[in-house]
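Peer 1: Contents are PDB, C-alpha atoms, pLDDT in the B column; file name protein.pdb:
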```pdb
ATOM      1  CA  MET A   1     -35.134  17.421  41.953  1.00 66.00           C
ATOM      2  CA  GLU A   2     -36.200  20.617  43.687  1.00 76.00           C
ATOM      3  CA  THR A   3     -37.463  20.848  47.271  1.00 79.00           C
ATOM      4  CA  LYS A   4     -41.095  21.227  46.158  1.00 81.00           C
ATOM      5  CA  ASP A   5     -40.775  17.995  44.147  1.00 83.00           C
ATOM      6  CA  LEU A   6     -39.134  16.215  47.070  1.00 84.00           C
ATOM      7  CA  LYS A   7     -42.062  17.274  49.294  1.00 87.00           C
ATOM      8  CA  LYS A   8     -44.464  15.527  46.910  1.00 87.00           C
ATOM      9  CA  LYS A   9     -42.453  12.312  47.079  1.00 85.00           C
ATOM     10  CA  PHE A  10     -41.545  12.452  50.796  1.00 89.00           C
ATOM     11  CA  LYS A  11     -44.436  13.848  52.828  1.00 91.00           C
ATOM     12  CA  ASP A  12     -42.308  14.165  55.984  1.00 94.00           C
ATOM     13  CA  LEU A  13     -39.536  16.174  54.286  1.00 94.00           C
ATOM     14  CA  THR A  14     -37.843  18.797  56.429  1.00 94.00           C
ATOM     15  CA  VAL A  15     -35.062  21.188  55.469  1.00 94.00           C
ATOM     16  CA  ALA A  16     -32.612  22.254  58.138  1.00 94.00           C
ATOM     17  CA  LYS A  17     -30.706  25.472  57.455  1.00 95.00           C
ATOM     18  CA  LEU A  18     -27.417  25.363  59.336  1.00 95.00           C
ATOM     19  CA  THR A  19     -24.675  27.927  59.796  1.00 96.00           C
ATOM     20  CA  MET A  20     -21.335  26.328  60.587  1.00 95.00           C
ATOM     21  CA  ASP A  21     -18.662  27.954  62.738  1.00 95.00           C
ATOM     22  CA  ALA A  22     -16.142  27.672  59.896  1.00 95.00           C
ATOM     23  CA  VAL A  23     -15.917  26.663  56.244  1.00 95.00           C
ATOM     24  CA  TYR A  24     -15.484  22.881  56.114  1.00 95.00           C
ATOM     25  CA  SER A  25     -14.475  20.480  53.371  1.00 93.00           C
ATOM     26  CA  ARG A  26     -17.149  18.486  51.552  1.00 91.00           C
ATOM     27  CA  ARG A  27     -16.049  15.300  53.335  1.00 91.00           C
ATOM     28  CA  ALA A  28     -16.181  16.955  56.769  1.00 94.00           C
ATOM     29  CA  ILE A  29     -19.681  18.289  56.045  1.00 94.00           C
ATOM     30  CA  GLU A  30     -20.826  14.811  54.964  1.00 92.00           C
ATOM     31  CA  GLU A  31     -19.493  13.299  58.181  1.00 92.00           C
ATOM     32  CA  MET A  32     -21.192  15.962  60.337  1.00 93.00           C
ATOM     33  CA  VAL A  33     -24.495  15.710  58.454  1.00 92.00           C
ATOM     34  CA  THR A  34     -24.493  11.909  58.670  1.00 90.00           C
ATOM     35  CA  LYS A  35     -23.638  11.996  62.380  1.00 93.00           C
ATOM     36  CA  GLN A  36     -26.427  14.472  63.131  1.00 93.00           C
ATOM     37  CA  PHE A  37     -29.173  13.217  60.786  1.00 93.00           C
ATOM     38  CA  GLY A  38     -28.214   9.584  60.086  1.00 90.00           C
ATOM     39  CA  ASN A  39     -29.709   7.776  57.077  1.00 88.00           C
ATOM     40  CA  SER A  40     -32.545  10.279  56.738  1.00 92.00           C
ATOM     41  CA  VAL A  41     -30.457  12.736  54.633  1.00 91.00           C
ATOM     42  CA  LEU A  42     -31.822  13.009  51.104  1.00 89.00           C
ATOM     43  CA  ARG A  43     -29.297  15.619  50.079  1.00 87.00           C
ATOM     44  CA  TYR A  44     -27.405  18.641  51.279  1.00 90.00           C
ATOM     45  CA  GLU A  45     -26.168  21.849  49.709  1.00 90.00           C
ATOM     46  CA  HIS A  46     -23.440  24.077  51.061  1.00 92.00           C
ATOM     47  CA  TYR A  47     -21.967  27.453  50.318  1.00 93.00           C
ATOM     48  CA  GLY A  48     -19.358  28.840  52.643  1.00 94.00           C
ATOM     49  CA  LYS A  49     -20.622  28.410  56.209  1.00 96.00           C
ATOM     50  CA  LYS A  50     -24.240  27.801  55.125  1.00 96.00           C
ATOM     51  CA  VAL A  51     -25.498  24.214  54.811  1.00 95.00           C
ATOM     52  CA  ASN A  52     -29.057  23.186  53.887  1.00 93.00           C
ATOM     53  CA  VAL A  53     -29.945  19.580  54.693  1.00 93.00           C
ATOM     54  CA  ALA A  54     -33.108  17.879  53.367  1.00 92.00           C
ATOM     55  CA  THR A  55     -34.196  14.906  55.511  1.00 93.00           C
ATOM     56  CA  SER A  56     -37.000  12.352  55.577  1.00 94.00           C
ATOM     57  CA  SER A  57     -37.508   9.444  57.997  1.00 94.00           C
ATOM     58  CA  ILE A  58     -39.361   7.571  55.232  1.00 92.00           C
ATOM     59  CA  TYR A  59     -36.251   7.864  53.056  1.00 92.00           C
ATOM     60  CA  GLY A  60     -34.046   6.870  55.996  1.00 93.00           C
ATOM     61  CA  LYS A  61     -35.978   3.604  56.429  1.00 94.00           C
ATOM     62  CA  PHE A  62     -35.535   2.891  52.710  1.00 94.00           C
ATOM     63  CA  ILE A  63     -31.779   3.605  52.818  1.00 95.00           C
ATOM     64  CA  LYS A  64     -31.321   1.164  55.722  1.00 94.00           C
ATOM     65  CA  GLN A  65     -32.582  -1.608  53.418  1.00 95.00           C
ATOM     66  CA  LEU A  66     -29.986  -0.948  50.709  1.00 96.00           C
ATOM     67  CA  LYS A  67     -27.105  -3.354  51.095  1.00 96.00           C
ATOM     68  CA  PRO A  68     -25.042  -5.263  48.547  1.00 97.00           C
ATOM     69  CA  GLY A  69     -27.360  -7.829  46.965  1.00 96.00           C
ATOM     70  CA  THR A  70     -30.590  -5.850  47.492  1.00 96.00           C
ATOM     71  CA  LYS A  71     -32.784  -5.802  44.391  1.00 95.00           C
ATOM     72  CA  VAL A  72     -34.102  -2.409  43.245  1.00 95.00           C
ATOM     73  CA  VAL A  73     -35.978  -0.783  40.353  1.00 93.00           C
ATOM     74  CA  MET A  74     -35.045   2.557  38.744  1.00 92.00           C
ATOM     75  CA  THR A  75     -37.579   5.400  38.660  1.00 89.00           C
ATOM     76  CA  GLY A  76     -35.422   8.221  37.234  1.00 84.00           C
ATOM     77  CA  ALA A  77     -34.928   9.780  33.797  1.00 83.00           C
ATOM     78  CA  GLU A  78     -32.885   6.813  32.548  1.00 83.00           C
ATOM     79  CA  ILE A  79     -36.101   4.853  32.057  1.00 84.00           C
ATOM     80  CA  GLU A  80     -37.301   7.517  29.603  1.00 85.00           C
ATOM     81  CA  LEU A  81     -34.058   7.207  27.641  1.00 86.00           C
ATOM     82  CA  LYS A  82     -33.978   3.418  27.856  1.00 87.00           C
ATOM     83  CA  PRO A  83     -37.526   2.075  28.436  1.00 86.00           C
ATOM     84  CA  GLU A  84     -36.171  -1.421  29.068  1.00 85.00           C
ATOM     85  CA  TYR A  85     -34.718  -0.110  32.362  1.00 86.00           C
ATOM     86  CA  ALA A  86     -38.273   0.396  33.681  1.00 82.00           C
ATOM     87  CA  LYS A  87     -38.787  -3.365  33.778  1.00 82.00           C
ATOM     88  CA  LYS A  88     -35.295  -4.354  34.891  1.00 89.00           C
ATOM     89  CA  VAL A  89     -34.398  -5.323  38.431  1.00 92.00           C
ATOM     90  CA  TRP A  90     -30.934  -4.180  39.444  1.00 94.00           C
ATOM     91  CA  LYS A  91     -28.724  -5.578  42.182  1.00 96.00           C
ATOM     92  CA  VAL A  92     -27.051  -3.106  44.573  1.00 97.00           C
ATOM     93  CA  THR A  93     -23.289  -3.702  44.794  1.00 97.00           C
ATOM     94  CA  THR A  94     -22.247  -1.120  47.426  1.00 96.00           C
ATOM     95  CA  LEU A  95     -23.496   0.427  50.623  1.00 95.00           C
ATOM     96  CA  PRO A  96     -25.119   3.873  50.210  1.00 95.00           C
ATOM     97  CA  GLN A  97     -22.587   6.709  50.104  1.00 93.00           C
ATOM     98  CA  PHE A  98     -22.543  10.458  49.512  1.00 90.00           C
ATOM     99  CA  MET A  99     -21.632  11.694  46.051  1.00 90.00           C
ATOM    100  CA  CYS A 100     -22.187  15.266  44.888  1.00 87.00           C
ATOM    101  CA  GLY A 101     -24.369  16.065  47.905  1.00 85.00           C
ATOM    102  CA  GLU A 102     -26.783  13.124  47.668  1.00 88.00           C
ATOM    103  CA  ILE A 103     -26.785   9.451  48.583  1.00 93.00           C
ATOM    104  CA  VAL A 104     -25.992   6.987  45.801  1.00 94.00           C
ATOM    105  CA  VAL A 105     -25.335   3.281  45.310  1.00 96.00           C
ATOM    106  CA  TRP A 106     -23.634   1.353  42.540  1.00 97.00           C
ATOM    107  CA  LEU A 107     -25.729  -1.133  40.584  1.00 95.00           C
ATOM    108  CA  GLU A 108     -24.501  -4.331  38.957  1.00 95.00           C
ATOM    109  CA  GLY A 109     -24.364  -3.855  35.186  1.00 92.00           C
ATOM    110  CA  PHE A 110     -24.945  -0.084  35.284  1.00 91.00           C
ATOM    111  CA  SER A 111     -22.069   2.267  34.526  1.00 88.00           C
ATOM    112  CA  GLY A 112     -21.866   4.809  37.302  1.00 89.00           C
ATOM    113  CA  ALA A 113     -23.485   5.500  40.630  1.00 93.00           C
ATOM    114  CA  TYR A 114     -27.263   5.933  40.878  1.00 93.00           C
ATOM    115  CA  SER A 115     -29.209   8.268  43.155  1.00 92.00           C
ATOM    116  CA  CYS A 116     -31.035   6.384  45.901  1.00 93.00           C
ATOM    117  CA  GLU A 117     -33.973   8.794  45.735  1.00 89.00           C
ATOM    118  CA  MET A 118     -34.598   7.494  42.198  1.00 90.00           C
ATOM    119  CA  LEU A 119     -34.766   3.856  43.304  1.00 93.00           C
ATOM    120  CA  ARG A 120     -37.498   1.745  44.841  1.00 92.00           C
ATOM    121  CA  LEU A 121     -37.815  -1.820  46.039  1.00 92.00           C
ATOM    122  CA  PRO A 122     -39.808  -4.110  43.744  1.00 90.00           C
ATOM    123  CA  GLU A 123     -43.312  -4.956  44.949  1.00 83.00           C
ATOM    124  CA  PRO A 124     -43.684  -8.610  46.018  1.00 77.00           C
ATOM    125  CA  ASP A 125     -46.429  -9.234  43.443  1.00 70.00           C
ATOM    126  CA  GLU A 126     -44.732  -7.206  40.684  1.00 65.00           C
ATOM    127  CA  ASP A 127     -44.079  -9.204  37.517  1.00 61.00           C
ATOM    128  CA  LEU A 128     -40.491  -8.223  36.775  1.00 59.00           C
ATOM    129  CA  PRO A 129     -37.720 -10.402  35.367  1.00 58.00           C
ATOM    130  CA  PHE A 130     -35.148 -11.113  38.041  1.00 53.00           C
TER
END
```
Could I get this structure in the form of structure tokens?

Peer 2:
Amino acid sequence: METKDLKKKFKDLTVAKLTMDAVYSRRAIEEMVTKQFGNSVLRYEHYGKKVNVATSSIYGKFIKQLKPGTKVVMTGAEIELKPEYAKKVWKVTTLPQFMCGEIVVWLEGFSGAYSCEMLRLPEPDEDLPF
């Protein structure tokens, strides 16, 4: 998802353009970004000493709710490939973690990690099979 698309989804999106004092490993960048911006990091990109960090407090509040056992619904491209996923409630099995520059969780019964920005919590009155 590009920045313009993220701005549509997260109205409070901000992008911080940082220049580091050295070239750091991916893991070191993730630790620094998390320490500075907390759960509000949607994603980051880096090239050499340059790091761009997209953040949203709305997203940060959502991420704080994701713990093992939390029920979520997919909103990404997988539901176009498998329409039955649009009506399925998934159970989160891990805490959110960085993978490939964005925050992901693992879902019970799904093979692979799933981007948190493509998840939502089910509405209380939503008629979905649990």

Peer 1: Please provide as an mmCIF file with C-alpha atoms, in the frame of the given file all residues within 10 Å of Ser115 in chain A, with the sequence filter that same-chain residues fewer than 4 positions apart are discarded (counting only C-alpha atoms).

Peer 2:
```cif
data_model
loop_
_atom_site.group_PDB
_atom_site.id
_atom_site.type_symbol
_atom_site.label_atom_id
_atom_site.label_comp_id
_atom_site.auth_asym_id
_atom_site.auth_seq_id
_atom_site.Cartn_x
_atom_site.Cartn_y
_atom_site.Cartn_z
ATOM 1 C CA LEU A 42 -31.822 13.009 51.104
ATOM 2 C CA MET A 74 -35.045 2.557 38.744
ATOM 3 C CA THR A 75 -37.579 5.400 38.660
ATOM 4 C CA GLY A 76 -35.422 8.221 37.234
ATOM 5 C CA PRO A 96 -25.119 3.873 50.210
ATOM 6 C CA GLN A 97 -22.587 6.709 50.104
ATOM 7 C CA PHE A 98 -22.543 10.458 49.512
ATOM 8 C CA MET A 99 -21.632 11.694 46.051
ATOM 9 C CA GLU A 102 -26.783 13.124 47.668
ATOM 10 C CA ILE A 103 -26.785 9.451 48.583
ATOM 11 C CA VAL A 104 -25.992 6.987 45.801
ATOM 12 C CA VAL A 105 -25.335 3.281 45.310
ATOM 13 C CA TRP A 106 -23.634 1.353 42.540
ATOM 14 C CA LEU A 119 -34.766 3.856 43.304
#
```

Peer 1: Please enumerate the residues selected by the PyMOL selection byres ((chain A and resi 120-124) around 7) when evaluated against the supplied file, formatted as a VMD selection string.

Peer 2: chain A and resid 71 to 74 118 to 119 125 to 126

Peer 1: Skipping near chain neighbours, those fewer than 3 positions away, what residues fall within 8 Å of Tyr44 in chain A using only C-alpha atoms, listed as a PyMOL selection string?

Peer 2: chain A and resi 41+51-54+101-102

Peer 1: For the file shown, report as a ChimeraX atom specification the outcome of the PyMOL selection byres ((chain A and resi 85-93) around 9) at residue level.

Peer 2: /A:66-75,78-84,94-95,105-110,122,127-130

Peer 1: Report the distance between CA of Ser56 in chain A and CA of Met32 in chain A in Å, rounded to one decimal place.

Peer 2: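 Interatomic distance here is 16.9 Å.
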
Peer 1: Kindly give the distance, in Å, that separates CA of Gly60 in chain A and CA of Lys17 in chain A, rounded to a single decimal.

Peer 2: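 According to the coordinates, CA of Gly60 in chain A and CA of Lys17 in chain A are separated by 19.0 Å.
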
Peer 1: Considering only C-alpha atoms, can you say which of A:Thr3, A:Gln36, A:Gln65, A:Thr55 comes closest to Ala16 in chain A?

Peer 2: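 Of all the options, A:Thr55 lies closest to Ala16 in chain A.
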
Peer 1: Could you state the separation of CA of Arg27 in chain A and CA of Lys9 in chain A in Å, given to one decimal place?

Peer 2: 27.3 Å

Peer 1: Since I can't run it myself right now, could you work out what the PyMOL selection byres ((chain A and resi 57) around 10) selects here and report it as a PDB file with C-alpha atoms, in the frame of the given file?

Peer 2:
```pdb
ATOM      1  CA  PHE A  10     -41.545  12.452  50.796  1.00 89.00           C
ATOM      2  CA  LYS A  11     -44.436  13.848  52.828  1.00 91.00           C
ATOM      3  CA  ASP A  12     -42.308  14.165  55.984  1.00 94.00           C
ATOM      4  CA  LEU A  13     -39.536  16.174  54.286  1.00 94.00           C
ATOM      5  CA  THR A  14     -37.843  18.797  56.429  1.00 94.00           C
ATOM      6  CA  PHE A  37     -29.173  13.217  60.786  1.00 93.00           C
ATOM      7  CA  GLY A  38     -28.214   9.584  60.086  1.00 90.00           C
ATOM      8  CA  ASN A  39     -29.709   7.776  57.077  1.00 88.00           C
ATOM      9  CA  SER A  40     -32.545  10.279  56.738  1.00 92.00           C
ATOM     10  CA  VAL A  41     -30.457  12.736  54.633  1.00 91.00           C
ATOM     11  CA  LEU A  42     -31.822  13.009  51.104  1.00 89.00           C
ATOM     12  CA  THR A  55     -34.196  14.906  55.511  1.00 93.00           C
ATOM     13  CA  SER A  56     -37.000  12.352  55.577  1.00 94.00           C
ATOM     14  CA  ILE A  58     -39.361   7.571  55.232  1.00 92.00           C
ATOM     15  CA  TYR A  59     -36.251   7.864  53.056  1.00 92.00           C
ATOM     16  CA  GLY A  60     -34.046   6.870  55.996  1.00 93.00           C
ATOM     17  CA  LYS A  61     -35.978   3.604  56.429  1.00 94.00           C
ATOM     18  CA  PHE A  62     -35.535   2.891  52.710  1.00 94.00           C
ATOM     19  CA  ILE A  63     -31.779   3.605  52.818  1.00 95.00           C
TER      20      ILE A  63
END
```

Peer 1: A:Glu2, A:Cys100, A:Tyr114, A:Lys49: which is nearest Glu30 in chain A, counting all atoms listed in the file?

Peer 2: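 Residue with the minimum atom-to-atom distance to Glu30 in chain A: A:Cys100.
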